[in-house]
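Q: So I've got this file, input.txt, and it contains compact mmCIF, C-alpha atoms:
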# COMPACT_ATOMS: atom_id res chain seq x y z
CA MET A 227 138.38 321.54 75.79
CA LEU A 228 141.89 320.17 76.32
CA THR A 229 141.08 317.41 73.84
CA ALA A 230 139.54 319.88 71.40
CA LEU A 231 142.70 322.00 71.42
CA ALA A 232 145.10 319.05 71.29
CA GLU A 233 144.99 318.67 67.52
CA GLU A 234 145.46 322.26 66.37
CA PRO A 235 144.89 325.85 67.50
CA LEU A 236 141.18 326.73 67.43
CA HIS A 237 139.07 329.87 67.77
CA GLY A 238 136.09 330.11 70.16
CA TYR A 239 133.41 328.89 67.77
CA ALA A 240 135.58 325.98 66.59
CA ILE A 241 136.17 324.98 70.23
CA VAL A 242 132.40 324.97 70.89
CA ARG A 243 131.75 322.84 67.79
CA SER A 244 134.65 320.49 68.54
CA VAL A 245 133.54 319.92 72.15
CA GLU A 246 130.02 319.19 70.91
CA VAL A 247 131.29 316.66 68.36
CA LEU A 248 133.80 315.02 70.74
CA SER A 249 131.11 314.63 73.41
CA GLU A 250 128.60 313.36 70.81
CA GLY A 251 126.27 316.23 71.63
CA ARG A 252 126.30 315.76 75.40
CA VAL A 253 128.21 318.98 76.09
CA VAL A 254 127.12 322.25 74.48
CA LEU A 255 129.33 325.09 75.73
CA ARG A 256 127.72 328.49 76.25
CA VAL A 257 129.85 331.51 75.42
CA GLY A 258 130.11 332.55 79.08
CA THR A 259 131.16 329.05 80.07
CA LEU A 260 133.68 328.81 77.23
CA TYR A 261 135.48 332.00 78.22
CA GLY A 262 135.43 331.12 81.92
CA VAL A 263 137.25 327.87 81.14
CA LEU A 264 139.57 329.52 78.59
CA ASP A 265 140.53 332.23 81.11
CA ARG A 266 141.36 329.55 83.61
CA MET A 267 143.37 327.47 81.13
CA VAL A 268 145.40 330.53 80.08
CA ALA A 269 145.93 331.57 83.74
CA ASP A 270 147.19 328.07 84.58
CA GLY A 271 149.48 328.00 81.56
CA TRP A 272 147.60 325.16 79.86
CA ALA A 273 146.77 327.25 76.78
CA VAL A 274 147.95 330.49 75.16
CA ARG A 275 146.64 332.84 72.52
CA ASP A 276 147.94 331.79 69.14
CA ARG A 277 146.82 334.41 66.59
CA GLU A 278 143.94 336.68 65.61
CA GLU A 279 141.98 336.77 62.37
CA VAL A 280 139.06 338.83 61.12
CA HIS A 281 136.36 336.61 59.60
CA GLN A 282 133.35 338.31 57.94
CA GLY A 283 134.11 341.47 59.89
CA ARG A 284 134.32 339.63 63.23
CA LEU A 285 137.37 339.07 65.39
CA ARG A 286 138.47 335.47 65.81
CA ARG A 287 141.14 334.72 68.37
CA TYR A 288 142.87 331.36 68.21
CA TYR A 289 144.10 329.42 71.23
CA ARG A 290 146.60 326.57 71.34
CA LEU A 291 147.61 324.04 73.95
CA THR A 292 151.01 324.53 75.66
CA ASP A 293 153.37 321.72 76.64
CA VAL A 294 151.92 321.97 80.16
CA GLY A 295 148.42 321.57 78.71
CA VAL A 296 149.52 318.50 76.75
CA ARG A 297 151.00 316.97 79.92
CA VAL A 298 147.77 317.68 81.84
CA LEU A 299 145.75 316.03 79.06
CA SER A 300 148.09 313.02 79.02
CA ALA A 301 147.77 312.63 82.78
CA GLU A 302 143.98 312.84 82.54
CA VAL A 303 143.94 310.24 79.74
CA ALA A 304 146.13 307.92 81.85
CA ARG A 305 143.82 308.37 84.85
CA LEU A 306 140.68 307.66 82.84
CA SER A 307 142.35 304.67 81.14
CA ALA A 308 143.22 303.22 84.55
CA ASN A 309 139.57 303.64 85.59
CA VAL A 310 138.41 301.88 82.41
CA ARG A 311 140.88 299.02 82.96
CA ALA A 312 139.73 298.60 86.58
CA ALA A 313 136.04 298.59 85.58
CA SER A 314 136.69 296.18 82.69
CA SER A 315 138.55 293.85 85.01
CA VAL A 316 135.64 293.80 87.48
CA LEU A 317 133.16 293.11 84.66
CA ARG A 318 135.29 290.28 83.26
CA ALA A 319 135.56 288.72 86.72
CA ARG A 320 131.77 288.99 87.12
CA GLU A 321 131.16 287.33 83.74
CA ALA A 322 133.61 284.54 84.56
CA ARG A 323 131.65 283.58 87.71
CA MET B 225 125.60 348.72 60.89
CA SER B 226 124.94 346.68 63.99
CA SER B 227 121.64 344.84 64.35
CA ASN B 228 119.23 344.97 67.28
CA LEU B 229 120.35 341.49 68.28
CA GLU B 230 123.99 342.62 68.37
CA ARG B 231 123.04 345.62 70.51
CA ARG B 232 121.19 343.30 72.88
CA TYR B 233 124.21 341.03 73.19
CA ARG B 234 126.43 344.05 73.86
CA SER B 235 123.98 345.17 76.56
CA LEU B 236 124.15 341.69 78.12
CA LEU B 237 127.96 341.91 78.15
CA ARG B 238 127.77 345.05 80.31
CA VAL B 239 127.50 342.71 83.32
CA LEU B 240 131.22 342.07 82.73
CA PRO B 241 133.86 344.53 84.03
CA GLY B 242 135.00 347.21 81.58
CA TRP B 243 138.58 345.90 81.37
CA TYR B 244 137.25 342.45 80.49
CA ARG B 245 134.91 343.82 77.81
CA ALA B 246 137.77 345.82 76.29
CA GLU B 247 139.67 342.56 75.96
CA ARG B 248 136.91 340.17 74.91
CA GLU B 249 133.78 341.98 73.73
CA GLU B 250 134.39 341.82 69.97
CA GLU B 251 135.42 338.18 70.17
CA MET B 252 132.38 337.24 72.26
CA VAL B 253 129.89 339.18 70.13
CA GLY B 254 131.26 337.47 67.03
CA LEU B 255 130.74 334.11 68.69
CA PHE B 256 127.22 334.97 69.91
CA LEU B 257 126.14 335.98 66.40
CA THR B 258 127.81 333.14 64.49
CA ASP B 259 124.77 330.91 64.19
CA ARG B 260 122.17 333.72 64.19
CA ASP B 261 122.30 335.04 60.65
CA ASP B 262 118.56 335.13 59.87
CA ASP B 263 117.50 338.74 59.14
CA LEU B 264 114.33 338.52 61.24
CA ASP B 265 116.30 337.04 64.12
CA ARG B 266 118.92 339.79 63.81
CA GLU B 267 116.19 342.41 64.16
CA HIS B 268 113.79 340.82 66.64
CA GLY B 269 115.80 338.08 68.36
CA TRP B 270 117.08 338.19 71.93
CA PRO B 271 119.94 336.45 73.72
CA GLY B 272 118.71 333.11 75.10
CA TRP B 273 118.26 332.59 78.83
CA ASP B 274 121.02 329.96 78.89
CA GLU B 275 123.50 332.39 77.28
CA ALA B 276 122.40 335.12 79.69
CA PHE B 277 122.88 332.87 82.73
CA ALA B 278 126.29 331.70 81.49
CA THR B 279 127.38 335.31 80.91
CA VAL B 280 126.22 336.37 84.38
CA GLY B 281 128.10 333.37 85.80
CA LEU B 282 131.22 334.49 83.93
CA ALA B 283 130.77 338.03 85.32
CA VAL B 284 130.60 336.66 88.89
CA ARG B 285 133.72 334.56 88.34
CA VAL B 286 135.62 337.48 86.80
CA ARG B 287 134.54 340.08 89.37
CA PHE B 288 135.00 337.76 92.37
CA ARG B 289 138.08 335.98 91.11
CA GLU B 290 141.20 335.03 93.02
CA ARG B 291 143.09 337.96 94.56
CA SER B 292 140.39 340.51 93.66
CA PRO B 293 139.30 342.82 96.51
CA ALA B 294 135.60 342.05 95.88
CA GLY B 295 136.28 338.30 95.78
CA ASP B 296 138.40 338.34 98.94
CA ALA B 297 135.72 340.42 100.73
CA ALA B 298 132.93 338.06 99.67
CA ARG B 299 134.92 335.02 100.83
CA LEU B 300 135.68 336.68 104.18
CA VAL B 301 132.00 337.58 104.72
CA ALA B 302 131.00 334.03 103.75
CA LEU B 303 133.47 332.42 106.15
CA VAL B 304 132.58 334.74 109.04
CA GLY B 305 128.88 334.15 108.37
CA LEU B 306 129.27 330.39 108.26
CA ALA B 307 131.44 330.39 111.41
CA GLY B 308 128.76 332.50 113.13
CA HIS B 309 126.12 329.95 112.17
CA VAL B 310 128.28 327.17 113.61
CA VAL B 311 128.34 329.16 116.87
CA LEU B 312 124.54 329.58 116.69
CA ALA B 313 124.21 325.81 116.17
CA ALA B 314 126.32 325.14 119.25
CA GLN B 315 124.17 327.58 121.21
CA GLY B 316 121.03 325.80 120.04
CA VAL B 317 122.33 322.51 121.41
CA ALA B 318 123.44 324.13 124.70
CA THR B 319 120.06 325.82 125.16
CA ALA B 320 118.21 322.57 124.45
CA VAL B 321 120.32 320.68 126.98
CA ARG B 322 120.10 323.39 129.64
CA TYR B 323 116.50 324.51 129.34
CA GLY B 324 114.82 321.67 127.47
CA GLY B 325 113.20 321.73 124.06
CA SER B 326 114.82 320.70 120.81
CA PRO B 327 117.40 322.60 118.79
CA ALA B 328 116.67 323.56 115.17
CA VAL B 329 118.39 320.39 114.00
CA TRP B 330 117.94 320.80 110.26
CA PHE B 331 118.93 324.44 110.19
CA ASP B 332 122.00 323.74 112.34
CA ALA B 333 123.01 320.74 110.23
CA LEU B 334 122.74 322.82 107.04
CA ALA B 335 124.88 325.62 108.49
CA VAL B 336 127.55 323.31 109.87
CA GLY B 337 127.49 321.31 106.61
CA ALA B 338 127.99 324.48 104.56
CA PHE B 339 130.92 325.52 106.73
CA ALA B 340 132.50 322.07 106.44
CA ALA B 341 131.98 322.11 102.67
CA VAL B 342 133.71 325.48 102.30
CA VAL B 343 136.79 324.60 104.36
CA THR B 344 137.17 321.27 102.54
CA GLY B 345 136.82 322.84 99.08
CA ARG B 346 133.42 321.43 98.13
CA TRP B 347 132.12 324.66 96.66
CA ALA B 348 128.97 323.29 95.02
CA TRP B 349 127.86 321.63 98.28
CA ALA B 350 128.65 324.81 100.19
CA ARG B 351 126.58 326.96 97.82
CA TRP B 352 123.49 324.78 97.92
CA LEU B 353 123.65 324.11 101.67
CA ALA B 354 124.01 327.84 102.35
CA LEU B 355 121.11 328.61 100.03
CA VAL B 356 118.80 326.04 101.62
CA SER B 357 119.91 327.27 105.05
CA ALA B 358 118.92 330.83 104.07
CA VAL B 359 115.57 329.67 102.71
CA VAL B 360 114.90 327.74 105.94
CA ALA B 361 115.89 330.80 108.00
CA VAL B 362 113.60 333.12 106.03
CA GLY B 363 110.78 330.58 106.08
CA SER B 364 111.13 330.05 109.83
CA ALA B 365 111.21 333.79 110.49
CA VAL B 366 108.18 334.53 108.30
CA LEU B 367 106.03 331.58 109.30
CA ALA B 368 106.74 331.50 113.05
CA PRO B 369 103.59 332.58 114.91
CA GLY B 370 103.73 335.76 116.97
CA VAL B 371 107.16 336.81 115.75
CA SER B 372 107.71 340.54 115.22
CA SER B 373 108.85 341.64 111.78
CA TRP B 374 111.97 343.21 113.29
CA TRP B 375 113.03 339.96 114.92
CA ALA B 376 112.17 338.01 111.79
CA VAL B 377 114.39 340.20 109.59
CA GLN B 378 117.19 340.34 112.13
CA SER B 379 117.29 336.56 112.65
CA ALA B 380 117.10 335.68 108.95
CA LEU B 381 119.36 338.42 107.56
CA PRO B 382 122.73 336.82 108.49
CA ALA B 383 121.77 333.57 106.75
CA VAL B 384 120.74 335.47 103.62
CA VAL B 385 123.88 337.62 103.58
CA THR B 386 126.01 334.52 104.18
CA ALA B 387 124.34 332.61 101.35
CA VAL B 388 124.82 335.51 98.91
CA ALA B 389 128.49 335.81 99.94
CA VAL B 390 129.03 332.05 99.53
CA TRP B 391 127.50 332.15 96.03
CA LEU B 392 129.58 335.16 95.00
CA GLY B 393 132.84 334.18 96.66
CA PHE B 394 132.93 330.41 96.27
CA HIS B 395 132.11 330.01 92.61
CA ARG B 396 133.50 327.21 90.48
CA GLU B 397 136.93 328.78 90.08
CA ALA B 398 137.37 330.27 93.54
CA PRO B 399 140.73 329.76 95.28
CA ALA B 400 140.93 327.24 98.11
CA VAL B 401 140.41 328.68 101.60
CA PRO B 402 143.84 329.65 102.90
CA ARG B 403 144.45 328.67 106.54
CA ALA B 404 141.39 326.39 106.50
CA ARG B 405 142.50 324.77 109.79
CA ARG B 406 142.60 328.18 111.44
CA TRP B 407 139.02 328.80 110.31
CA VAL B 408 138.02 325.45 111.82
CA ALA B 409 139.74 326.49 115.06
CA VAL B 410 137.93 329.85 114.95
CA SER B 411 134.55 328.16 114.67
CA ALA B 412 135.43 325.61 117.38
CA VAL B 413 136.52 328.30 119.87
CA GLY B 414 133.47 330.41 118.97
CA ALA B 415 131.18 327.39 119.41
CA VAL B 416 132.53 326.69 122.91
CA LEU B 417 132.28 330.35 124.00
CA GLY B 418 128.85 330.75 122.40
CA ALA B 419 127.54 327.58 124.06
CA ALA B 420 128.81 328.89 127.43
CA VAL B 421 126.86 332.12 126.95
CA ALA B 422 123.75 330.18 125.95
CA TRP B 423 124.16 328.01 129.05
CA VAL B 424 124.06 331.10 131.28
CA PHE B 425 121.57 333.37 129.54
CA ALA B 426 118.10 332.28 128.53
CA LEU B 427 117.20 335.40 126.55
CA SER B 428 117.35 334.64 122.83
CA LEU B 429 118.33 338.15 121.78
CA VAL B 430 121.34 338.17 124.13
CA VAL B 431 122.39 334.72 122.96
CA TRP B 432 121.96 335.66 119.29
CA ALA B 433 123.94 338.89 119.68
CA ALA B 434 126.62 337.05 121.66
CA ALA B 435 127.05 334.56 118.82
CA TRP B 436 127.97 337.28 116.34
CA LEU B 437 130.05 339.29 118.81
CA ILE B 438 132.01 336.18 119.78
CA THR B 439 132.51 335.17 116.14
CA THR B 440 133.69 338.64 115.17
CA ALA B 441 136.00 338.87 118.18
CA VAL B 442 137.57 335.44 117.58
CA VAL B 443 138.06 336.22 113.88
CA VAL B 444 139.62 339.62 114.58
CA VAL B 445 141.94 338.18 117.24
CA SER B 446 143.03 335.11 115.28
CA ARG B 447 143.20 336.88 111.87
CA PRO B 448 142.83 333.64 109.89
CA TRP B 449 143.47 335.45 106.61
CA ALA B 450 146.86 336.83 107.74
CA GLY B 451 150.02 335.45 106.18
CA ALA B 452 148.05 333.18 103.90
CA PRO B 453 149.80 331.83 100.84
CA ALA B 454 148.11 332.42 97.47
CA GLY B 455 145.41 329.78 97.33
CA ARG B 456 144.76 327.57 94.38
CA SER B 457 141.33 326.51 93.26
CA ALA B 458 139.77 323.63 95.03
CA PRO B 459 139.59 320.42 93.06
CA ALA B 460 135.93 319.76 93.64
CA GLY B 461 132.62 321.58 93.38
Do you think you could lay out the structure here as structure tokens?
A:
Amino acid sequence: MLTALAEEPLHGYAIVRSVEVLSEGRVVLRVGTLYGVLDRMVADGWAVRDREEVHQGRLRRYYRLTDVGVRVLSAEVARLSANVRAASSVLRAREAR
Amino acid sequence: MSSNLERRYRSLLRVLPGWYRAEREEEMVGLFLTDRDDDLDREHGWPGWDEAFATVGLAVRVRFRERSPAGDAARLVALVGLAGHVVLAAQGVATAVRYGGSPAVWFDALAVGAFAAVVTGRWAWARWLALVSAVVAVGSAVLAPGVSSWWAVQSALPAVVTAVAVWLGFHREAPAVPRARRWVAVSAVGAVLGAAVAWVFALSLVVWAAAWLITTAVVVVSRPWAGAPAGRSAPAG
């Protein structure tokens, strides 16, 4: 969800779709799960409400990443990149044997 | 005019607290109905089981969240229950050493494992270990030959109550246990005292009652929740 919100503010349905696309279909967020995570991200200051719109008579509330959220995402990307580098290094060493 | 499906989703959302629904209901209903625009579905469709489970999970997390009275109570009951089961495990070992026989190794390992998982922030482990422990307790009580129904209920009830409290209190976004070391000390002191009682008395009812009295007394005296800083969620589980 951090990655989904990194590009631009999104409403709930757009977050669900974005997470599904980013994960290549592996993660399908249920509404209850989505709002549990969103509540937590807002409480931790990673995301804030951006604006509200009414679309076809339904309320859409947009959320955007804060600077703290961007830093958390950057740290997570760095951590995962380090894991990938370590695993790649082990595989290269194995192939070189 | 709202459809039957919308009314069913709104009914499902009643598991959430009123203040949360006031804040989120319209937004959530809009999201539920986004991909369900077939007229037949709008009239005869129902919320899926997966959506229902996720919404109930959200309700548990909201109602038993950090710094909520219900959440704090559930976590206290869970910790006292798990500490009591650690004391019972110690008594089982003491009784086996003193009078022969074998302790209920699997049940004791599950209870001690669940306690260790809670104080180290492994919520998912704690939930499943507590649940299996409760199932084992109920199964043992029901299937044991010649056991009275009163004794069966009384011996299995704490494990069931503890498991329910662990599931409600230590959900995915629960705060870390404040003063975890003090809880470990509580269970250690209780285990020693409980084992001493089991060493002296052979009667299972006395030993069982002593386990819970000792646990309650040690918890009340040591007040492990007192002066605790606001906990943050555990990283795992």
Q: One decimal, Å: what's the distance from CA of Trp423 in chain B over to CA of Ala320 in chain B, could you say?
A: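 Taking CA of Trp423 in chain B as the start and CA of Ala320 in chain B as the end point, the length is 9.3 Å.
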Q: Pick out the residues sitting within 12 Å of Gln282 in chain A, and hand them over as a ChimeraX atom specification; count only C-alpha atoms, and ignore anything fewer than 5 positions along from it in its own chain.
A: /B:254-255,257-258,261
Q: Using only C-alpha atoms, which protein or nucleic acid residues come within 10 Å of range 256-265 of chain A? Drop anything in the same chain fewer than 6 positions from it, and give the result as a PyMOL selection string.
A: (chain A and resi 227-228+238-239+241-242+271-275+289) or (chain B and resi 237+248+252-253+255-256+274-283+285-286+396-397)
Q: I'd like to know which of B:Trp273, B:Tyr233, B:Trp407, B:Tyr244 is closest to Thr439 in chain B, using all atoms listed in the file.
A: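 Among the listed residues, B:Trp407 lies closest to Thr439 in chain B.
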Q: Tell me, as a list in words, which residues lie within 12 Å of Leu427 in chain B, counting all atoms listed in the file; anything in the same chain fewer than 5 positions away does not count.
A: Gln315, Thr319, Tyr323, Val421, Ala422, Trp432, Ala433 and Ala434 of chain B
Q: Ranking B:His268, B:Pro399, B:Ala294, B:Leu417 by minimum distance to chain A and counting all atoms listed in the file, which one comes first?
A: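 Closest candidate: B:Pro399.
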Q: Using CA of Leu240 in chain B and CA of Leu355 in chain B as the two end points, give the distance in Å to one decimal.
A: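 Interatomic distance here is 24.1 Å.
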Q: So how far away is CA of Ala383 in chain B from CA of Ala358 in chain B, in Å?
A: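 These atoms are spaced 4.8 Å apart.
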Q: Tell me, as a list in words, which residues lie within 12 Å of Ala409 in chain B, counting all atoms listed in the file; anything in the same chain fewer than 6 positions away does not count.
A: Ala307, Val310, Val311, Val343, Arg403, Ala415, Val416, Thr439, Val442, Val443, Ser446, Arg447 and Pro448 of chain B
Q: Take the residues from that selection and write them out as a PDB file, keeping the file's coordinate frame, keeping C-alpha atoms.
A:
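Final file, selection10.pdb:
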ATOM      1  CA  ALA B 307     131.440 330.390 111.410  1.00  0.00           C
ATOM      2  CA  VAL B 310     128.280 327.170 113.610  1.00  0.00           C
ATOM      3  CA  VAL B 311     128.340 329.160 116.870  1.00  0.00           C
ATOM      4  CA  VAL B 343     136.790 324.600 104.360  1.00  0.00           C
ATOM      5  CA  ARG B 403     144.450 328.670 106.540  1.00  0.00           C
ATOM      6  CA  ALA B 415     131.180 327.390 119.410  1.00  0.00           C
ATOM      7  CA  VAL B 416     132.530 326.690 122.910  1.00  0.00           C
ATOM      8  CA  THR B 439     132.510 335.170 116.140  1.00  0.00           C
ATOM      9  CA  VAL B 442     137.570 335.440 117.580  1.00  0.00           C
ATOM     10  CA  VAL B 443     138.060 336.220 113.880  1.00  0.00           C
ATOM     11  CA  SER B 446     143.030 335.110 115.280  1.00  0.00           C
ATOM     12  CA  ARG B 447     143.200 336.880 111.870  1.00  0.00           C
ATOM     13  CA  PRO B 448     142.830 333.640 109.890  1.00  0.00           C
TER      14      PRO B 448
END
Q: May I ask which of the residues B:Arg351, B:His395, B:Arg231, B:Arg266 is the closest one to chain A, counting only C-alpha atoms?
A: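 Looking at the shortest contact to chain A, the residue is B:His395.
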Q: Go through B:Ala376, B:Val284, B:Leu381, B:Ala318 and flag the residue nearest chain A, using only C-alpha atoms for the distances.
A: B:Val284
